[in-house]
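Shown here: start_5.cif, mmCIF, C-alpha atoms and all ligand atoms.
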```
data_query
loop_
_atom_site.label_atom_id
_atom_site.label_comp_id
_atom_site.auth_asym_id
_atom_site.auth_seq_id
_atom_site.Cartn_x
_atom_site.Cartn_y
_atom_site.Cartn_z
CA MET J 780 0.00 0.00 0.00
CA ALA J 781 2.86 2.36 0.74
CA LEU J 782 4.23 1.72 -2.74
CA ARG J 783 0.81 2.27 -4.31
CA GLY J 784 0.49 5.58 -2.45
CA ALA J 785 3.95 6.60 -3.64
CA LEU J 786 3.06 5.70 -7.25
CA LEU J 787 -0.17 7.69 -7.09
CA ARG J 788 1.70 10.70 -5.75
CA ALA J 789 4.30 10.23 -8.50
CA ALA J 790 1.50 10.13 -11.08
CA ASP J 791 0.27 13.47 -9.75
CA ARG J 792 3.72 14.90 -10.28
CA MET J 793 3.54 13.97 -13.96
CA LEU J 794 0.88 16.64 -14.38
CA PRO J 795 1.08 20.39 -13.82
CA THR J 796 0.01 20.81 -10.17
CA HIS J 797 -3.07 22.81 -11.14
CA ALA J 798 -4.22 20.04 -13.48
CA ALA J 799 -3.53 17.39 -10.83
CA VAL J 800 -5.78 19.16 -8.34
CA LEU J 801 -8.58 19.53 -10.89
CA GLU J 802 -8.26 15.88 -11.87
CA HIS J 803 -8.87 14.94 -8.24
CA ALA J 804 -11.92 17.20 -8.22
CA HIS J 805 -13.36 15.19 -11.10
CA HIS J 806 -12.99 11.86 -9.37
CA PHE J 807 -16.64 12.05 -8.32
CA VAL J 808 -17.40 11.07 -11.94
CA MET J 809 -16.08 7.60 -11.26
CA ALA J 810 -18.65 6.82 -8.56
CA HIS J 811 -21.50 7.80 -10.88
CA LEU J 812 -20.08 5.95 -13.88
CA LEU J 813 -19.66 2.74 -11.87
CA ALA J 814 -23.20 3.03 -10.52
CA SER J 815 -24.58 3.47 -14.06
CA LEU J 816 -22.50 0.62 -15.49
CA ALA J 817 -23.80 -1.58 -12.69
CA GLU J 818 -27.40 -0.43 -13.23
CA PHE J 819 -27.26 -1.24 -16.97
CA ARG J 820 -25.37 -4.49 -16.31
CA ILE J 821 -22.67 -3.58 -18.83
CA ALA J 822 -20.36 -6.20 -17.29
CA ASP J 823 -22.91 -8.95 -18.00
CA HIS J 824 -23.48 -7.73 -21.56
CA LEU J 825 -19.78 -7.58 -22.38
CA ALA J 826 -19.04 -10.98 -20.83
CA SER J 827 -19.79 -12.77 -24.11
CA GLY J 828 -17.53 -10.49 -26.16
CA PRO J 829 -16.96 -6.90 -27.28
CA LYS J 830 -19.91 -4.81 -28.40
CA ASN J 831 -20.45 -1.33 -29.75
CA ALA J 832 -22.77 1.22 -28.20
CA GLY J 833 -25.53 0.43 -30.70
CA GLN J 834 -25.59 -3.21 -29.63
CA LEU J 835 -25.35 -2.30 -25.97
CA GLY J 836 -28.07 0.34 -26.40
CA ALA J 837 -30.40 -2.32 -27.79
CA LEU J 838 -29.67 -4.59 -24.85
CA THR J 839 -30.04 -1.92 -22.17
CA GLY J 840 -32.63 0.46 -23.59
CA CYS J 841 -30.10 3.30 -23.40
CA ASP J 842 -29.43 6.04 -25.93
CA PRO J 843 -26.50 4.67 -27.98
CA GLY J 844 -24.78 8.04 -28.35
CA ALA J 845 -24.94 8.80 -24.65
CA LEU J 846 -23.89 5.26 -23.78
CA HIS J 847 -20.86 5.53 -26.07
CA ARG J 848 -19.80 8.75 -24.34
CA ALA J 849 -20.25 7.23 -20.88
CA LEU J 850 -18.29 4.09 -21.72
CA ARG J 851 -15.55 6.10 -23.46
CA ALA J 852 -15.20 8.11 -20.24
CA ALA J 853 -15.10 4.85 -18.25
CA ALA J 854 -12.24 3.75 -20.51
CA VAL J 855 -10.20 6.69 -19.14
CA PHE J 856 -10.16 4.82 -15.82
CA GLY J 857 -9.57 1.39 -17.36
CA VAL J 858 -13.02 0.08 -16.48
CA VAL J 859 -13.67 -0.82 -20.12
CA ARG J 860 -11.44 -0.76 -23.21
CA LEU J 861 -12.46 0.95 -26.46
CA ASP J 862 -11.01 -0.36 -29.70
CA ARG J 863 -10.55 1.43 -33.02
CA ARG J 864 -13.76 -0.08 -34.39
CA GLY J 865 -15.81 1.49 -31.62
CA ARG J 866 -16.33 -1.72 -29.68
CA PHE J 867 -16.11 -1.87 -25.92
CA HIS J 868 -14.27 -4.72 -24.24
CA THR J 869 -14.50 -5.97 -20.70
CA THR J 870 -11.56 -5.58 -18.31
CA ARG J 871 -10.54 -7.14 -14.98
CA LEU J 872 -12.15 -4.15 -13.23
CA LEU J 873 -15.43 -4.47 -15.11
CA ARG J 874 -15.65 -8.19 -14.39
CA GLN J 875 -16.07 -7.31 -10.71
CA LEU J 876 -19.42 -5.73 -11.67
CA ARG J 877 -20.90 -8.97 -13.03
CA SER J 878 -24.26 -9.53 -11.40
CA ASP J 879 -23.26 -13.09 -10.45
CA HIS J 880 -19.95 -12.04 -8.87
CA PRO J 881 -19.90 -13.04 -5.18
CA GLY J 882 -18.09 -9.82 -4.27
CA ARG J 883 -21.30 -7.93 -5.11
CA ALA J 884 -19.36 -4.84 -6.22
CA ALA J 885 -22.25 -3.90 -8.53
CA ASP J 886 -24.54 -3.58 -5.52
CA TRP J 887 -21.98 -1.57 -3.59
CA CYS J 888 -21.38 0.77 -6.54
CA ARG J 889 -25.12 1.31 -6.90
CA TYR J 890 -25.35 2.19 -3.21
CA ILE J 891 -22.36 4.55 -3.36
CA GLY J 892 -23.72 6.25 -6.49
CA SER J 893 -27.32 6.42 -5.27
CA GLY J 894 -28.99 9.82 -5.06
CA SER J 895 -29.51 9.70 -1.29
CA HIS J 896 -25.90 8.80 -0.60
CA GLN J 897 -24.49 11.34 -3.04
CA ALA J 898 -26.77 14.06 -1.69
CA ALA J 899 -25.37 13.43 1.78
CA TRP J 900 -21.81 13.71 0.49
CA ALA J 901 -22.71 16.94 -1.28
CA ALA J 902 -23.32 18.30 2.24
CA LEU J 903 -19.89 17.22 3.51
CA SER J 904 -19.06 20.80 4.52
CA ASP J 905 -22.09 20.80 6.83
CA SER J 906 -20.74 17.70 8.54
CA ILE J 907 -17.29 19.22 8.88
CA ARG J 908 -18.76 22.46 10.24
CA THR J 909 -21.06 20.82 12.78
CA GLY J 910 -19.61 17.39 13.39
CA ASN J 911 -23.05 15.92 12.66
CA SER J 912 -24.38 13.49 10.08
CA ALA J 913 -24.86 15.09 6.67
CA PHE J 914 -27.23 12.26 5.78
CA ARG J 915 -29.58 13.28 8.58
CA SER J 916 -29.32 17.00 7.81
CA VAL J 917 -30.22 16.34 4.15
CA HIS J 918 -32.77 13.54 4.53
CA GLY J 919 -34.10 14.14 8.04
CA ARG J 920 -33.48 10.57 9.18
CA SER J 921 -30.73 8.04 9.66
CA THR J 922 -29.39 5.89 6.86
CA PHE J 923 -31.01 2.76 8.30
CA GLU J 924 -34.37 4.52 8.70
CA TRP J 925 -34.00 5.57 5.07
CA PHE J 926 -33.35 1.98 4.02
CA ALA J 927 -36.51 0.86 5.82
CA ASP J 928 -38.49 3.19 3.53
CA HIS J 929 -36.34 2.54 0.43
CA PRO J 930 -35.79 -1.22 0.49
CA GLU J 931 -34.17 -1.34 -2.95
CA GLU J 932 -31.38 0.97 -1.75
CA GLY J 933 -31.14 -1.04 1.46
CA ARG J 934 -30.81 -4.19 -0.62
CA HIS J 935 -27.87 -2.74 -2.56
CA PHE J 936 -26.23 -1.66 0.70
CA GLY J 937 -26.78 -5.02 2.38
CA ALA J 938 -25.57 -7.07 -0.56
CA GLY J 939 -22.58 -4.77 -1.06
CA ILE J 940 -21.57 -4.97 2.61
CA GLY J 941 -22.00 -8.75 2.38
CA GLY J 942 -19.55 -8.77 -0.52
CA LEU J 943 -17.04 -6.71 1.43
CA THR J 944 -17.43 -9.05 4.38
CA LEU J 945 -17.03 -12.10 2.18
CA ALA J 946 -13.56 -10.87 1.27
CA GLU J 947 -12.56 -10.72 4.92
CA ALA J 948 -14.51 -13.68 6.31
CA PRO J 949 -11.91 -16.41 5.62
CA LEU J 950 -9.28 -14.34 7.43
CA ILE J 951 -11.52 -13.78 10.41
CA ALA J 952 -12.63 -17.42 10.53
CA ALA J 953 -8.99 -18.47 10.48
CA ALA J 954 -7.69 -15.83 12.88
CA TYR J 955 -10.11 -16.36 15.73
CA PRO J 956 -10.34 -19.79 17.40
CA PHE J 957 -14.07 -20.27 17.05
CA PRO J 958 -14.58 -23.69 18.65
CA ASP J 959 -16.34 -26.28 16.52
CA GLY J 960 -19.68 -27.07 18.12
CA ALA J 961 -20.22 -23.55 19.46
CA VAL J 962 -23.41 -21.56 18.86
CA ILE J 963 -22.39 -18.29 17.24
CA CYS J 964 -24.69 -15.30 17.21
CA ASP J 965 -23.90 -12.61 14.65
CA VAL J 966 -25.49 -9.42 15.97
CA ALA J 967 -26.55 -7.12 13.12
CA GLY J 968 -24.76 -9.64 10.95
CA GLY J 969 -26.06 -8.43 7.59
CA THR J 970 -26.96 -11.13 5.10
CA GLY J 971 -24.85 -13.74 6.93
CA ALA J 972 -21.61 -13.76 4.95
CA LEU J 973 -19.35 -14.04 8.01
CA LEU J 974 -21.57 -16.53 9.79
CA ALA J 975 -21.67 -18.70 6.67
CA GLU J 976 -17.89 -18.77 6.41
CA ILE J 977 -17.43 -19.66 10.08
CA LEU J 978 -20.04 -22.43 9.87
CA ARG J 979 -18.53 -23.72 6.64
CA THR J 980 -15.28 -24.34 8.49
CA ARG J 981 -16.95 -25.58 11.75
CA CYS J 982 -19.31 -28.33 10.71
CA ARG J 983 -20.73 -28.91 14.22
CA SER J 984 -21.44 -25.25 14.96
CA ARG J 985 -24.77 -23.52 14.61
CA GLY J 986 -25.58 -19.86 14.10
CA ILE J 987 -28.07 -17.20 15.03
CA LEU J 988 -28.37 -14.16 12.78
CA ILE J 989 -29.91 -11.07 14.36
CA GLU J 990 -31.04 -8.44 11.87
CA THR J 991 -33.86 -6.20 10.75
CA ALA J 992 -36.74 -7.79 8.83
CA ASN J 993 -35.67 -6.37 5.47
CA VAL J 994 -32.14 -7.71 5.78
CA LEU J 995 -33.31 -11.11 7.00
CA ALA J 996 -35.40 -11.39 3.84
CA GLU J 997 -32.14 -11.12 1.87
CA ALA J 998 -30.26 -13.39 4.28
CA ALA J 999 -32.66 -16.31 3.89
CA PRO J 1000 -31.88 -17.09 0.22
CA TYR J 1001 -28.18 -16.39 0.78
CA LEU J 1002 -27.95 -18.94 3.58
CA GLN J 1003 -30.13 -21.37 1.66
CA ALA J 1004 -27.73 -21.19 -1.29
CA ALA J 1005 -24.90 -21.87 1.16
CA GLY J 1006 -26.76 -24.96 2.39
CA LEU J 1007 -27.07 -23.54 5.90
CA THR J 1008 -30.80 -23.10 6.35
CA ASP J 1009 -30.92 -25.87 8.95
CA ARG J 1010 -27.96 -24.53 10.93
CA VAL J 1011 -28.83 -20.85 11.18
CA GLN J 1012 -31.73 -19.38 13.09
CA LEU J 1013 -32.91 -16.07 11.67
CA ALA J 1014 -34.01 -13.77 14.47
CA GLU J 1015 -35.55 -10.39 13.85
CA GLY J 1016 -34.36 -7.97 16.48
CA ASP J 1017 -33.64 -4.37 17.33
CA ILE J 1018 -30.14 -4.27 18.78
CA PHE J 1019 -30.97 -1.14 20.77
CA LEU J 1020 -33.59 -3.04 22.72
CA ALA J 1021 -32.52 -6.66 23.01
CA VAL J 1022 -30.48 -9.37 21.35
CA PRO J 1023 -32.83 -12.35 21.00
CA GLY J 1024 -30.40 -15.23 21.07
CA THR J 1025 -28.51 -17.43 23.51
CA ALA J 1026 -25.09 -18.38 22.22
CA ASP J 1027 -21.51 -19.19 23.12
CA ILE J 1028 -19.99 -16.45 20.98
CA TYR J 1029 -21.47 -13.11 19.94
CA LEU J 1030 -20.10 -11.27 16.94
CA LEU J 1031 -20.29 -7.54 16.35
CA LYS J 1032 -18.64 -6.79 13.05
CA TRP J 1033 -18.64 -3.27 11.63
CA VAL J 1034 -21.59 -2.40 13.82
CA LEU J 1035 -20.05 -0.13 16.45
CA HIS J 1036 -18.48 2.09 13.80
CA ASP J 1037 -22.00 3.10 12.69
CA TRP J 1038 -22.80 4.77 16.00
CA ASP J 1039 -21.72 7.34 18.55
CA ASP J 1040 -20.27 6.26 21.88
CA ALA J 1041 -23.54 6.43 23.82
CA THR J 1042 -25.38 4.31 21.24
CA CYS J 1043 -22.50 1.83 21.12
CA GLN J 1044 -22.90 1.41 24.86
CA THR J 1045 -26.62 0.75 24.39
CA ILE J 1046 -25.83 -1.94 21.81
CA LEU J 1047 -23.09 -3.48 23.93
CA ARG J 1048 -25.38 -3.58 26.96
CA SER J 1049 -28.05 -5.35 24.86
CA VAL J 1050 -25.48 -7.94 23.91
CA ARG J 1051 -24.22 -8.21 27.49
CA ALA J 1052 -27.76 -8.81 28.73
CA ALA J 1053 -28.16 -11.71 26.30
CA MET J 1054 -24.82 -13.35 27.13
CA PRO J 1055 -24.91 -16.36 29.43
CA THR J 1056 -21.96 -16.87 31.74
CA GLY J 1057 -19.03 -18.14 29.76
CA ALA J 1058 -20.10 -16.55 26.50
CA LYS J 1059 -17.68 -14.42 24.53
CA LEU J 1060 -18.04 -11.28 22.52
CA VAL J 1061 -15.90 -10.81 19.44
CA VAL J 1062 -15.82 -7.30 18.06
CA ILE J 1063 -14.43 -6.78 14.60
CA GLU J 1064 -13.72 -3.21 13.63
CA GLY J 1065 -11.33 -1.21 11.53
CA VAL J 1066 -8.59 0.47 13.53
CA GLN J 1067 -7.87 4.11 12.91
CA ASP J 1068 -5.31 5.78 15.11
CA HIS J 1069 -5.80 9.50 15.62
CA ASN J 1070 -2.64 10.72 13.95
CA SER J 1071 -1.93 8.11 11.34
CA VAL J 1072 -3.24 7.91 7.81
CA HIS J 1073 -4.70 4.57 6.80
CA PRO J 1074 -5.35 4.10 3.08
CA ARG J 1075 -8.70 2.45 3.74
CA PHE J 1076 -9.98 3.36 7.18
CA SER J 1077 -9.20 7.08 7.06
CA VAL J 1078 -11.66 7.31 4.15
CA ILE J 1079 -14.20 4.98 5.75
CA ASP J 1080 -13.98 7.11 8.88
CA LEU J 1081 -15.05 10.14 6.86
CA GLN J 1082 -17.84 8.08 5.30
CA MET J 1083 -19.02 7.38 8.85
CA LEU J 1084 -19.02 11.09 9.63
CA VAL J 1085 -21.17 11.83 6.59
CA VAL J 1086 -23.70 8.99 6.60
CA THR J 1087 -23.98 7.71 10.17
CA GLU J 1088 -25.17 9.03 13.51
CA GLY J 1089 -21.86 9.86 15.13
CA GLY J 1090 -20.13 6.75 13.85
CA ARG J 1091 -16.38 6.62 13.41
CA GLU J 1092 -13.45 4.30 13.04
CA ARG J 1093 -11.94 4.03 16.49
CA PHE J 1094 -8.57 3.16 17.88
CA ILE J 1095 -8.08 0.22 20.17
CA ALA J 1096 -8.14 2.19 23.41
CA GLN J 1097 -11.49 3.73 22.44
CA LEU J 1098 -13.02 0.32 21.78
CA GLU J 1099 -11.60 -1.03 25.01
CA HIS J 1100 -13.06 1.94 26.86
CA LEU J 1101 -16.53 1.40 25.39
CA ILE J 1102 -16.52 -2.29 26.27
CA THR J 1103 -15.13 -1.65 29.74
CA LEU J 1104 -17.94 0.80 30.46
CA SER J 1105 -20.71 -1.27 28.93
CA PHE J 1106 -19.66 -4.53 30.54
CA ASN J 1107 -18.95 -2.92 33.91
CA LEU J 1108 -15.45 -4.28 33.75
CA ASN J 1109 -13.27 -3.17 36.65
CA SER J 1110 -16.39 -2.32 38.61
CA GLY J 1111 -17.82 -4.16 41.57
CA HIS J 1112 -19.35 -6.69 39.17
CA SER J 1113 -16.20 -7.36 37.28
CA SER J 1114 -15.15 -10.48 39.09
CA SER J 1115 -18.04 -12.42 37.59
CA TYR J 1116 -17.52 -11.54 33.97
CA VAL J 1117 -14.23 -10.02 33.28
CA ASN J 1118 -11.92 -9.56 30.84
CA TYR J 1119 -10.31 -8.95 27.52
CA SER J 1120 -9.19 -12.33 26.41
CA HIS J 1121 -7.22 -11.15 23.44
CA ILE J 1122 -7.03 -8.69 20.65
CA CYS J 1123 -5.67 -9.69 17.31
CA LEU J 1124 -5.13 -7.72 14.22
CA VAL J 1125 -5.77 -9.51 10.97
CA ALA J 1126 -5.08 -8.33 7.50
CA ALA J 1127 -8.15 -8.13 5.37
CA TRP J 1128 -7.39 -8.15 1.69
CA SER J 1129 -3.83 -7.06 1.30
CA THR J 1130 -4.48 -3.55 2.49
CA ALA J 1131 -6.86 -3.45 5.38
CA VAL J 1132 -6.33 -4.10 9.00
CA SER J 1133 -9.30 -5.03 11.13
CA LEU J 1134 -9.55 -5.36 14.83
CA MET J 1135 -10.88 -8.47 16.42
CA LEU J 1136 -11.35 -7.93 20.06
CA GLY J 1137 -12.45 -10.76 22.22
CA VAL J 1138 -14.16 -10.19 25.53
CA THR J 1139 -15.03 -13.07 27.73
CA THR J 1140 -17.63 -13.27 30.42
CA HIS J 1141 -16.06 -16.38 31.85
CA PRO J 1142 -15.52 -16.07 35.61
CA ALA J 1143 -12.27 -18.01 35.42
CA TYR J 1144 -10.48 -15.27 33.54
CA PRO J 1145 -8.35 -12.90 35.60
CA PRO J 1146 -9.51 -9.28 35.82
CA ALA J 1147 -6.33 -7.72 34.44
CA PRO J 1148 -6.59 -7.13 30.69
CA ALA J 1149 -4.39 -9.53 28.80
CA VAL J 1150 -3.89 -8.03 25.40
CA THR J 1151 -2.00 -9.77 22.66
CA LEU J 1152 -1.31 -8.04 19.40
CA MET J 1153 -0.57 -10.25 16.46
CA ALA J 1154 1.22 -8.70 13.55
CA PRO J 1155 -1.07 -8.25 10.55
CA ARG J 1156 -0.51 -10.79 7.79
CA HIS J 1157 -0.11 -9.42 4.30
C1 LIG D 1201 -22.37 -1.87 8.49
S1 LIG D 1201 -23.58 -3.14 8.48
C2 LIG D 1201 -22.62 -4.52 9.05
C3 LIG D 1201 -23.26 -5.83 8.70
C4 LIG D 1201 -22.42 -7.08 9.09
N1 LIG D 1201 -22.14 -7.11 10.50
C5 LIG D 1201 -21.16 -7.15 8.28
O1 LIG D 1201 -20.09 -6.78 8.79
O2 LIG D 1201 -21.23 -7.57 7.12
C6 LIG D 1201 -24.57 -2.74 9.90
C7 LIG D 1201 -25.79 -3.64 10.03
O3 LIG D 1201 -26.53 -3.21 11.17
C8 LIG D 1201 -27.88 -3.51 10.92
N2 LIG D 1201 -28.74 -2.72 11.83
C9 LIG D 1201 -28.85 -1.38 11.89
N3 LIG D 1201 -29.71 -1.02 12.86
C10 LIG D 1201 -30.15 -2.17 13.42
C11 LIG D 1201 -31.05 -2.45 14.50
N4 LIG D 1201 -31.67 -1.46 15.16
N5 LIG D 1201 -31.28 -3.75 14.83
C12 LIG D 1201 -30.65 -4.76 14.14
N6 LIG D 1201 -29.77 -4.54 13.13
C13 LIG D 1201 -29.52 -3.27 12.77
C14 LIG D 1201 -28.06 -3.12 9.47
O4 LIG D 1201 -29.19 -3.74 8.89
C15 LIG D 1201 -26.75 -3.57 8.87
O5 LIG D 1201 -26.85 -4.84 8.29
#
```

Taking this structure as input, can you express it in the form of structure tokens?
Ligand SMILES: C[S@@+](CC[C@H](N)C(=O)[O-])C[C@H]1O[C@@H](n2cnc3c(N)ncnc32)[C@H](O)[C@@H]1O
Amino acid sequence: MALRGALLRAADRMLPTHAAVLEHAHHFVMAHLLASLAEFRIADHLASGPKNAGQLGALTGCDPGALHRALRAAAVFGVVRLDRRGRFHTTRLLRQLRSDHPGRAADWCRYIGSGSHQAAWAALSDSIRTGNSAFRSVHGRSTFEWFADHPEEGRHFGAGIGGLTLAEAPLIAAAYPFPDGAVICDVAGGTGALLAEILRTRCRSRGILIETANVLAEAAPYLQAAGLTDRVQLAEGDIFLAVPGTADIYLLKWVLHDWDDATCQTILRSVRAAMPTGAKLVVIEGVQDHNSVHPRFSVIDLQMLVVTEGGRERFIAQLEHLITLSFNLNSGHSSSYVNYSHICLVAAWSTAVSLMLGVTTHPAYPPAPAVTLMAPRH
């Protein structure tokens, strides 16, 4: 990643500085182009071979002239290739947008390019000025409330997040010693991508997926396709009120970063209330230190500022603090359900570092935090 950053900065230096700045200003075009290419399923249409805009226009119902101009612009970024005969060819980037690709990049691009999301980003300065969610200031409600009223957008978000999780799930399943035979409850677990990967590698384990009704409707066919219908209980729940599941291990992945500290404590207390003695909580979050630049999480952190209700990428001490408060660790109750069992950092893709933070409620664990940092694998 350091090399990539250096190459990108070197590429900037190949342009007059003024032009380099303006080129960055035009990068918003990319988000919209990818969303449109995904909407018109250009990746599917080019899978069988190159086509010109006339052929693609007939397949998509688009204006051929406008489509040619859009795809020619996409070729600037290497998303498609344009040959001398006016035919567009697929590329390794475009193949990620195939509607049958498990990474679900097409869904994610449609979410990122959606009007509601882009309108929130257009109000970025409001967020920076006030520290509050631009999404709420523009739309008058939270992103998840919006999804409840706009299920198609929620579906793109859910499927896209599932694709992102799928890329990390094998690393998480390998990095954390989930015991075979355990019941694992994924709290706000999306469409079940992580749960499915853990259960795939632990044949005797069962799962509980807690989610909103809309997301569970997407999770059911996903888990059915994975052959896990019999091993996963779908449980509709509101994580602010209660976590309806009794399990050995509770997962919270990329949930806390959606919320401010007070709301995180509400969620953690809901989980705590559901946990029987001996259960464990595994929190998986991106780690963003205050004064370091991370190529992935520094941008996701800003995304959280714009679209969530006080969400952020946190550093380890902040997550520890939230869990300590919510679980009453180090308080008079701590002897019965203490302690950080371990923290490990795992590399997700080749670039990202996620935090897995295990908290145990087992009385046998000593009260002093025992923190182990494992070097990220690249
Ligand atoms: C950023 S996504 C993470 C999904 C999943 N854990 C993953 O990493 O793939 C946050 C999830 O929280 C869920 N969620 C939001 N509010 C919720 C609530 N009140 N009760 C249950 N789930 C909720 C959303 O539906 C969404 O799937």

For ligand LIG 1201 (chain D), list the contacting residues at 7 Å or closer, counting only C-alpha atoms and all ligand atoms, as an mmCIF file with C-alpha atoms, in the frame of the given file.
```cif
data_model
loop_
_atom_site.group_PDB
_atom_site.id
_atom_site.type_symbol
_atom_site.label_atom_id
_atom_site.label_comp_id
_atom_site.auth_asym_id
_atom_site.auth_seq_id
_atom_site.Cartn_x
_atom_site.Cartn_y
_atom_site.Cartn_z
ATOM 1 C CA PHE J 923 -31.010 2.760 8.300
ATOM 2 C CA GLY J 937 -26.780 -5.020 2.380
ATOM 3 C CA ILE J 940 -21.570 -4.970 2.610
ATOM 4 C CA GLY J 941 -22.000 -8.750 2.380
ATOM 5 C CA THR J 944 -17.430 -9.050 4.380
ATOM 6 C CA VAL J 966 -25.490 -9.420 15.970
ATOM 7 C CA ALA J 967 -26.550 -7.120 13.120
ATOM 8 C CA GLY J 968 -24.760 -9.640 10.950
ATOM 9 C CA GLY J 969 -26.060 -8.430 7.590
ATOM 10 C CA ALA J 972 -21.610 -13.760 4.950
ATOM 11 C CA LEU J 973 -19.350 -14.040 8.010
ATOM 12 C CA ILE J 989 -29.910 -11.070 14.360
ATOM 13 C CA GLU J 990 -31.040 -8.440 11.870
ATOM 14 C CA THR J 991 -33.860 -6.200 10.750
ATOM 15 C CA VAL J 994 -32.140 -7.710 5.780
ATOM 16 C CA GLY J 1016 -34.360 -7.970 16.480
ATOM 17 C CA ASP J 1017 -33.640 -4.370 17.330
ATOM 18 C CA ILE J 1018 -30.140 -4.270 18.780
ATOM 19 C CA PHE J 1019 -30.970 -1.140 20.770
ATOM 20 C CA LEU J 1031 -20.290 -7.540 16.350
ATOM 21 C CA LYS J 1032 -18.640 -6.790 13.050
ATOM 22 C CA TRP J 1033 -18.640 -3.270 11.630
ATOM 23 C CA VAL J 1034 -21.590 -2.400 13.820
ATOM 24 C CA ASP J 1037 -22.000 3.100 12.690
#
```

*Point-to-point distance in Å for atom CA of Glu924 of chain J and atom CA of Leu1020 of chain J*: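 So the answer is 15.9 Å.
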
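For the residues J:Leu786, J:Arg877, J:Arg864, J:Ala849, ranking by smallest atom-to-atom distance to Arg820 of chain J using only C-alpha atoms places J:Arg877 first.
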
*asked:* Every residue with an atom at most 8 Å from (-30.4, -8.4, -21.7) (file coordinates; all atoms listed in the file) is what I'm after, so could you write them as an NGL selection string?
replied: :J and (824 or 838-839)

*Can you work out which one of J:Leu1030, J:Ala992, J:Ala798, J:Ala975 has the shortest atom-to-atom distance to Thr1008 of chain J, counting only C-alpha atoms?*
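Answer, going by the shortest atom-to-atom distance: J:Ala975.
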
*With distances taken over only C-alpha atoms, which of J:Asp886, J:Asp965, J:Glu976, J:Asp862 is nearest to Phe819 of chain J?*
J:Asp886

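Minimum atom-to-atom distance to Leu835 of chain J, evaluated using only C-alpha atoms, belongs to J:Ala822 out of J:Val1050, J:Ala822, J:Ala961, J:Leu1007.
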
*Between J:Gly1006, J:Gly1065, J:Pro1074, J:Pro949, which one has atoms that come closest to Arg1091 of chain J, using all atoms listed in the file?*
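Nearest candidate to Arg1091 of chain J out of J:Gly1006, J:Gly1065, J:Pro1074, J:Pro949: J:Gly1065.
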
*Please provide as a list of chain:residue names all residues within 8 Å of Glu932 of chain J, with the sequence filter that same-chain residues fewer than 4 positions apart are discarded (counting all atoms listed in the file).*
J:Tyr890, J:Ser893, J:Phe926, J:Phe936

*What is the distance between atom CA of Gln834 of chain J and atom CA of Arg883 of chain J, in Å to one decimal?*
25.3 Å

*Taking only C-alpha atoms into account, which of J:Val808, J:Leu1081, J:Ile1046, J:Thr980 comes nearest Ser904 of chain J?*
J:Leu1081

*Measure the distance from atom CA of Arg920 of chain J to atom CA of Ser1049 of chain J in Å and round it to one decimal.*
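Computing it gives 23.0 Å between the two atoms.
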
*Excluding Thr869 of chain J and residues on its chain fewer than 2 positions from it, collect all residues at most 9 Å away from it, counting all atoms listed in the file, and give them as a ChimeraX atom specification.*
/J:821-822,825-826,828-829,858-860,867,871-874

Report, as AutoDock Vina command-line options, the axis-aligned box around all atoms of segment 1047-1055 of chain J present in the file, extended by 4 Å on each side; give centre and edge lengths in Å to one decimal place.
```
--center_x -25.6 --center_y -9.9 --center_z 26.7 --size_x 13.1 --size_y 20.9 --size_z 13.5
```

*Neighbours of Gly865 of chain J within 9 Å (all atoms listed in the file; same-chain residues fewer than 2 positions away dropped), as number ranges by chain?*
J: 830-832, 847, 861-863, 867

Write segment 882-890 of chain J as a CSV table (one decimal), keeping the file's coordinate frame, completed to N, CA and C atoms.
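Once everything was written out, this is result.csv:
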```csv
chain,number,residue,atom,x,y,z
J,882,GLY,N,-18.5,-11.0,-4.9
J,882,GLY,CA,-18.1,-9.8,-4.3
J,882,GLY,C,-19.1,-8.7,-4.3
J,883,ARG,N,-20.1,-8.8,-5.1
J,883,ARG,CA,-21.3,-7.9,-5.1
J,883,ARG,C,-20.9,-6.5,-5.3
J,884,ALA,N,-19.8,-6.2,-6.0
J,884,ALA,CA,-19.4,-4.8,-6.2
J,884,ALA,C,-20.4,-4.0,-6.9
J,885,ALA,N,-21.2,-4.7,-7.8
J,885,ALA,CA,-22.2,-3.9,-8.5
J,885,ALA,C,-23.2,-3.3,-7.5
J,886,ASP,N,-23.6,-4.1,-6.5
J,886,ASP,CA,-24.5,-3.6,-5.5
J,886,ASP,C,-23.9,-2.4,-4.7
J,887,TRP,N,-22.6,-2.6,-4.4
J,887,TRP,CA,-22.0,-1.6,-3.6
J,887,TRP,C,-21.9,-0.3,-4.4
J,888,CYS,N,-21.5,-0.4,-5.7
J,888,CYS,CA,-21.4,0.8,-6.5
J,888,CYS,C,-22.7,1.5,-6.7
J,889,ARG,N,-23.8,0.7,-6.8
J,889,ARG,CA,-25.1,1.3,-6.9
J,889,ARG,C,-25.5,2.0,-5.6
J,890,TYR,N,-25.1,1.5,-4.5
J,890,TYR,CA,-25.4,2.2,-3.2
J,890,TYR,C,-24.5,3.5,-3.2
```
